[in-house]
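Structure record follows, encoded as structure tokens.
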Amino acid sequence: MKIAVCAKQIPDPALEITYNGGNINRPDEQVLDDTDRYGIEVALQLKEKFDAEVTVISMGSLGTEKGIQQALQMGPDGALVLEDDSLTGSNSLMTANVLSELSKKVEADITIFGTESTDGYSGVIPQQVSRMLGVPCISYIKAVDIDESVTLTRQTSTGSEKVVMPANCVLSVTAGGVEPRYPNFKDIMAAKSKPIERISIADINYDAQQNLEFVDIKDVSTTKQGEKIIDEGEGFQIIIDKLKELKAI
Amino acid sequence: MKTLIIGEVVDNKLSSGALEIVTKANDLGLDYEIVTVGSEESPNIGSESFKNTYIKCSENKLSLGSVADKLKNIIEENTISLVLAPSTYVGRDLIAFLSVDFKSSQVSNVINFEIEGESVITSNSINGGESEYNSKISSPNKFLLIRPKSFEEAALDLNTNFETVEITSEDPEVFDIFIEEKTGPQLEDSKIVISAGRGMVDSENLSLVQDLASKLNAAIGGTRAIVDAGWMPYSQQVGQTGKTVKPDVYIALGISGATQHQVGMKDSKYIIAVNKDEEAPIFQIADLGLVADTLSIVPKITENL
């Protein structure tokens, strides 16, 4: 079994996202998107059971590759990454085109993602990649039971449902679906010697086009003249009085 | 502009997300039809005011790929250029598949859109709702995922007049379908919503929130942090990847107010926030902010109501 697992490098999520024109400013040092840790964890659990080969795939500005290292520290075997200036400001389909080609390059049977990135939030890349690869997409996985076969529990709008994992498919894993492992010192050192293959857009079959044009970013903030009160013991009464005033009670 | 709205069957009727988009489509005078996806026998999804096609699938199959194949035919046959879907699990999967088929990237998380000649201008909310990011789609096919509650729901008399297309497919089997029980007021339509965050410290303390909610007849929500921690089911998550709520009163308990949470609740009519951190961002959008120990103040409110 071969598995490709997607890792996105994002600006430190503790800092506010800033824009240059329509594009997110990306510092040289970016970190692994935490939501990708869930997909990586699922890939590693499959690796342990089925002796699978796990390759991290990633696209975008590589910079110091800190985020790629963080992904490798969890336990994948290596990484295949693609950086190309022409991909700056990619729409979802351009991104999905690159990632599906990377999945093909590593001959992945299973390609695994988080459900949406913390900086872009488009939430459609796994499904687009599955359509491009012509395999089913098992989206929004919230639990994984690995036995001789693999049972995936999907989140649905009304509850949940289960699906047996097909031999070839794309998975998207929700945050909280599994408990991502923390690398120890040995894992961190071992990651440094794992192979990272860097390729360019000329090395893949790329034919996606930009169909979206950035117009502008408008400030629509409304400064709210709210009250802020420090509780000195009667805070509960202030809230009750307000609820009465609002006719909420 | 010929338009298709993708709806779902929820509680045996057309989903509110689709009815919200109908309002906007009417405002813009769009020439639209609806395709509704579901597995129910005879849902109330038809109307005199639009054409509705029902794509009926087996609930025991993961058939959204096949549904997208059918939608592709409908889009081509009816020369539809604009496809609108609510940003739900089903909507996201279908729009993603179609965007690949038509080689036109979608725009996700759209809160408003306008027609400009043959193009569509979309607006996204960024920086916790303080800025709007506008893009223009000029490709022949345009796919938009619309955030719930972006428009008022259209009030329509729904009936069972529609054409049905059944999907039979070789798709993966689905089993152990579990429906979460809906009890008490629901987030989407409750006049009061009380949400909890990490500041409630422990999942056991959520009983304090429940006590207050039952006195106020309020629905209960939570932040992504506590849903990820397993304190609450995903169906109760409020925010960017969860639900959008606009109640008359929103009470945020122990919520710091990350921008991802704000996106889901900032348009509530009146926001009350309780947090012990005076610098918590939630106070910037609260109408009434109380800097207090959430755990001790919540039972006092409940007792004195």
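Convention: chains lettered A, B, ... in structure tokens order; per-chain residue numbering from 1; ligands numbered from 1 as shown.
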
Mind listing the strand (DSSP E or B) residues of range 70-262 of chain B, per DSSP on the backbone, as JSON, numbers by chain? {"B": [82, 83, 84, 85, 86, 107, 108, 109, 110, 111, 112, 113, 114, 115, 116, 119, 120, 121, 122, 123, 124, 125, 126, 131, 132, 133, 134, 135, 136, 137, 142, 143, 144, 145, 146, 159, 163, 164, 165, 166, 173, 174, 175, 176, 177, 178, 179, 192, 193, 194, 195, 196, 219, 220, 221, 222, 237, 238, 243, 249, 250, 251, 252, 253]}

Return the neighbours of chain A among the residues of chain B, cut-off 6 Å, counting only C-alpha atoms, as an MDAnalysis selection string. chainID B and resid 93 96:97 105 108 130:137 139 174:180 228 286:292 297 301

Pull C-alpha atoms from the residues just selected and write them as a CSV table (one decimal), in the first residue's frame.
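Output contents, as saved in out-v2.csv:
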```
chain,number,residue,atom,x,y,z
B,93,ASP,CA,-18.6,17.8,-2.3
B,96,ALA,CA,-15.9,20.5,-5.9
B,97,PHE,CA,-16.7,17.7,-8.3
B,105,SER,CA,-12.5,26.9,-9.9
B,108,SER,CA,-15.9,29.2,-1.3
B,130,GLU,CA,-13.8,43.3,9.4
B,131,SER,CA,-12.9,43.2,5.7
B,132,GLU,CA,-14.6,41.9,2.6
B,133,TYR,CA,-12.5,40.2,-0.1
B,134,ASN,CA,-14.0,40.6,-3.6
B,135,SER,CA,-13.2,38.5,-6.6
B,136,LYS,CA,-14.5,38.4,-10.2
B,137,ILE,CA,-15.3,35.2,-12.0
B,139,SER,CA,-15.1,31.9,-16.9
B,174,VAL,CA,-22.8,3.2,3.6
B,175,PHE,CA,-23.9,1.5,6.9
B,176,ASP,CA,-24.6,2.2,10.6
B,177,ILE,CA,-26.3,5.5,9.8
B,178,PHE,CA,-26.7,7.4,13.0
B,179,ILE,CA,-29.0,10.4,13.4
B,180,GLU,CA,-28.2,12.7,16.3
B,228,ASP,CA,-12.4,19.1,18.9
B,286,ALA,CA,-19.7,42.4,22.4
B,287,ASP,CA,-22.5,44.9,23.2
B,288,LEU,CA,-22.2,44.0,26.9
B,289,GLY,CA,-18.9,42.5,28.1
B,290,LEU,CA,-18.4,41.3,31.6
B,291,VAL,CA,-14.9,40.7,32.9
B,292,ALA,CA,-15.6,37.9,35.4
B,297,ILE,CA,-21.1,33.8,37.5
B,301,ILE,CA,-27.4,34.1,36.8
```

Neighbour list for Ile146 in chain A as a PyMOL selection string, cut-off 10 Å, only C-alpha atoms, skip fewer than 6 positions in-chain: chain A and resi 42+45-46+49-50+152+165

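The space between CA of Leu216 in chain B and CA of Ile192 in chain B spans 7.5 Å.
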
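Restricting the calculation to only C-alpha atoms, the smallest distance between Gln240 in chain B and any of A:Asp85, A:Asp119, A:Glu148, A:Glu101 is found for A:Asp119.
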
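Interatomic distance, CA of Pro43 in chain B to CA of Ile21 in chain B: 19.1 Å.
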
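Minimum atom-to-atom distance to Glu83 in chain A, evaluated using only C-alpha atoms, belongs to A:Arg198 out of A:Lys47, A:Arg198, A:Lys8, A:Arg26.
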
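As for CA of Phe162 in chain B and CA of Val37 in chain B, they are spaced 12.2 Å apart.
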
Taking the backbone alone, and naming residues the way the document does, which bits of range 33-244 of chain A are helix (DSSP H, G or I) by DSSP, as a PyMOL selection string? chain A and resi 34-50+66-74+85-87+92-105+125-133+185-191+201-203+235-244

Dump of C-alpha atoms for the selected residues, as a PDB file, in the first residue's frame:
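Output contents, as saved in selection.pdb:
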```pdb
ATOM      1  CA  ASP A  34      -2.384  21.737  12.518  1.00  0.00           C
ATOM      2  CA  THR A  35      -5.404  20.425  10.648  1.00  0.00           C
ATOM      3  CA  ASP A  36      -3.032  18.321   8.498  1.00  0.00           C
ATOM      4  CA  ARG A  37      -1.772  16.470  11.587  1.00  0.00           C
ATOM      5  CA  TYR A  38      -5.030  14.482  11.687  1.00  0.00           C
ATOM      6  CA  GLY A  39      -4.571  13.199   8.144  1.00  0.00           C
ATOM      7  CA  ILE A  40      -0.922  12.387   8.814  1.00  0.00           C
ATOM      8  CA  GLU A  41      -1.958  10.444  11.915  1.00  0.00           C
ATOM      9  CA  VAL A  42      -4.413   8.337   9.894  1.00  0.00           C
ATOM     10  CA  ALA A  43      -1.694   7.685   7.279  1.00  0.00           C
ATOM     11  CA  LEU A  44       0.693   6.514  10.007  1.00  0.00           C
ATOM     12  CA  GLN A  45      -1.883   4.204  11.577  1.00  0.00           C
ATOM     13  CA  LEU A  46      -2.425   2.615   8.138  1.00  0.00           C
ATOM     14  CA  LYS A  47       1.359   2.369   7.716  1.00  0.00           C
ATOM     15  CA  GLU A  48       1.673   0.485  11.007  1.00  0.00           C
ATOM     16  CA  LYS A  49      -1.067  -2.002  10.130  1.00  0.00           C
ATOM     17  CA  PHE A  50      -0.387  -2.579   6.434  1.00  0.00           C
ATOM     18  CA  LYS A  66       9.924  24.019   8.602  1.00  0.00           C
ATOM     19  CA  GLY A  67       6.359  22.806   8.073  1.00  0.00           C
ATOM     20  CA  ILE A  68       7.549  19.927   5.860  1.00  0.00           C
ATOM     21  CA  GLN A  69      10.028  18.918   8.570  1.00  0.00           C
ATOM     22  CA  GLN A  70       7.247  19.043  11.183  1.00  0.00           C
ATOM     23  CA  ALA A  71       5.200  16.666   9.021  1.00  0.00           C
ATOM     24  CA  LEU A  72       8.139  14.284   8.553  1.00  0.00           C
ATOM     25  CA  GLN A  73       8.853  14.307  12.294  1.00  0.00           C
ATOM     26  CA  MET A  74       5.533  12.579  12.905  1.00  0.00           C
ATOM     27  CA  ASP A  85       6.394  31.116  -8.836  1.00  0.00           C
ATOM     28  CA  SER A  86       3.590  30.762 -11.378  1.00  0.00           C
ATOM     29  CA  LEU A  87       1.441  29.134  -8.682  1.00  0.00           C
ATOM     30  CA  SER A  92      -8.456  25.723  -5.624  1.00  0.00           C
ATOM     31  CA  LEU A  93      -8.471  23.909  -8.931  1.00  0.00           C
ATOM     32  CA  MET A  94      -4.856  24.832  -9.721  1.00  0.00           C
ATOM     33  CA  THR A  95      -3.848  23.584  -6.271  1.00  0.00           C
ATOM     34  CA  ALA A  96      -5.849  20.374  -6.686  1.00  0.00           C
ATOM     35  CA  ASN A  97      -4.274  19.801 -10.117  1.00  0.00           C
ATOM     36  CA  VAL A  98      -0.760  19.957  -8.642  1.00  0.00           C
ATOM     37  CA  LEU A  99      -1.634  17.773  -5.643  1.00  0.00           C
ATOM     38  CA  SER A 100      -3.347  15.114  -7.756  1.00  0.00           C
ATOM     39  CA  GLU A 101      -0.240  14.967  -9.971  1.00  0.00           C
ATOM     40  CA  LEU A 102       1.978  14.609  -6.905  1.00  0.00           C
ATOM     41  CA  SER A 103      -0.257  11.770  -5.724  1.00  0.00           C
ATOM     42  CA  LYS A 104       0.168  10.067  -9.109  1.00  0.00           C
ATOM     43  CA  LYS A 105       3.963  10.553  -8.975  1.00  0.00           C
ATOM     44  CA  ILE A 125      -9.339  20.359  -2.382  1.00  0.00           C
ATOM     45  CA  PRO A 126      -9.709  16.686  -1.295  1.00  0.00           C
ATOM     46  CA  GLN A 127     -12.915  16.307  -3.328  1.00  0.00           C
ATOM     47  CA  GLN A 128     -11.363  18.003  -6.364  1.00  0.00           C
ATOM     48  CA  VAL A 129      -8.293  15.750  -6.185  1.00  0.00           C
ATOM     49  CA  SER A 130     -10.509  12.650  -5.994  1.00  0.00           C
ATOM     50  CA  ARG A 131     -12.435  13.749  -9.079  1.00  0.00           C
ATOM     51  CA  MET A 132      -9.185  14.343 -10.960  1.00  0.00           C
ATOM     52  CA  LEU A 133      -7.857  10.925  -9.911  1.00  0.00           C
ATOM     53  CA  PHE A 185      13.640  13.964  20.153  1.00  0.00           C
ATOM     54  CA  LYS A 186      14.608  10.847  18.213  1.00  0.00           C
ATOM     55  CA  ASP A 187      11.806  11.411  15.674  1.00  0.00           C
ATOM     56  CA  ILE A 188      12.881  15.020  15.225  1.00  0.00           C
ATOM     57  CA  MET A 189      16.485  14.014  14.534  1.00  0.00           C
ATOM     58  CA  ALA A 190      15.427  11.140  12.233  1.00  0.00           C
ATOM     59  CA  ALA A 191      13.267  13.481  10.116  1.00  0.00           C
ATOM     60  CA  ILE A 201       5.720  22.419 -12.639  1.00  0.00           C
ATOM     61  CA  ALA A 202       7.515  21.204 -15.777  1.00  0.00           C
ATOM     62  CA  ASP A 203       7.767  17.750 -14.158  1.00  0.00           C
ATOM     63  CA  GLY A 235     -22.107  41.216  37.438  1.00  0.00           C
ATOM     64  CA  PHE A 236     -24.769  38.515  37.341  1.00  0.00           C
ATOM     65  CA  GLN A 237     -27.450  41.138  38.081  1.00  0.00           C
ATOM     66  CA  ILE A 238     -26.226  43.374  35.235  1.00  0.00           C
ATOM     67  CA  ILE A 239     -26.713  40.464  32.822  1.00  0.00           C
ATOM     68  CA  ILE A 240     -30.150  39.590  34.223  1.00  0.00           C
ATOM     69  CA  ASP A 241     -31.259  43.249  33.944  1.00  0.00           C
ATOM     70  CA  LYS A 242     -30.040  43.373  30.348  1.00  0.00           C
ATOM     71  CA  LEU A 243     -31.865  40.131  29.477  1.00  0.00           C
ATOM     72  CA  LYS A 244     -35.048  41.676  30.917  1.00  0.00           C
TER      73      LYS A 244
END
```

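Of the listed residues (B:Lys182, B:Lys103, B:Lys191, B:Lys149), B:Lys149 comes nearest to Ser15 in chain B; the distances count only C-alpha atoms.
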
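Considering only C-alpha atoms, the residue among B:Gly129, B:Gly184, B:Pro299, B:Gly17 positioned nearest to Leu208 in chain B is B:Pro299.
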
Determine the nearest neighbour of Glu181 in chain B from the options B:Gly117, B:Pro233, B:Leu156, B:Arg224, counting only C-alpha atoms. B:Pro233

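With only C-alpha atoms as the atoms that count, the residue of B:Val10, B:Met1, B:Pro86, B:Ser58 with the shortest distance to Val22 in chain B is B:Pro86.
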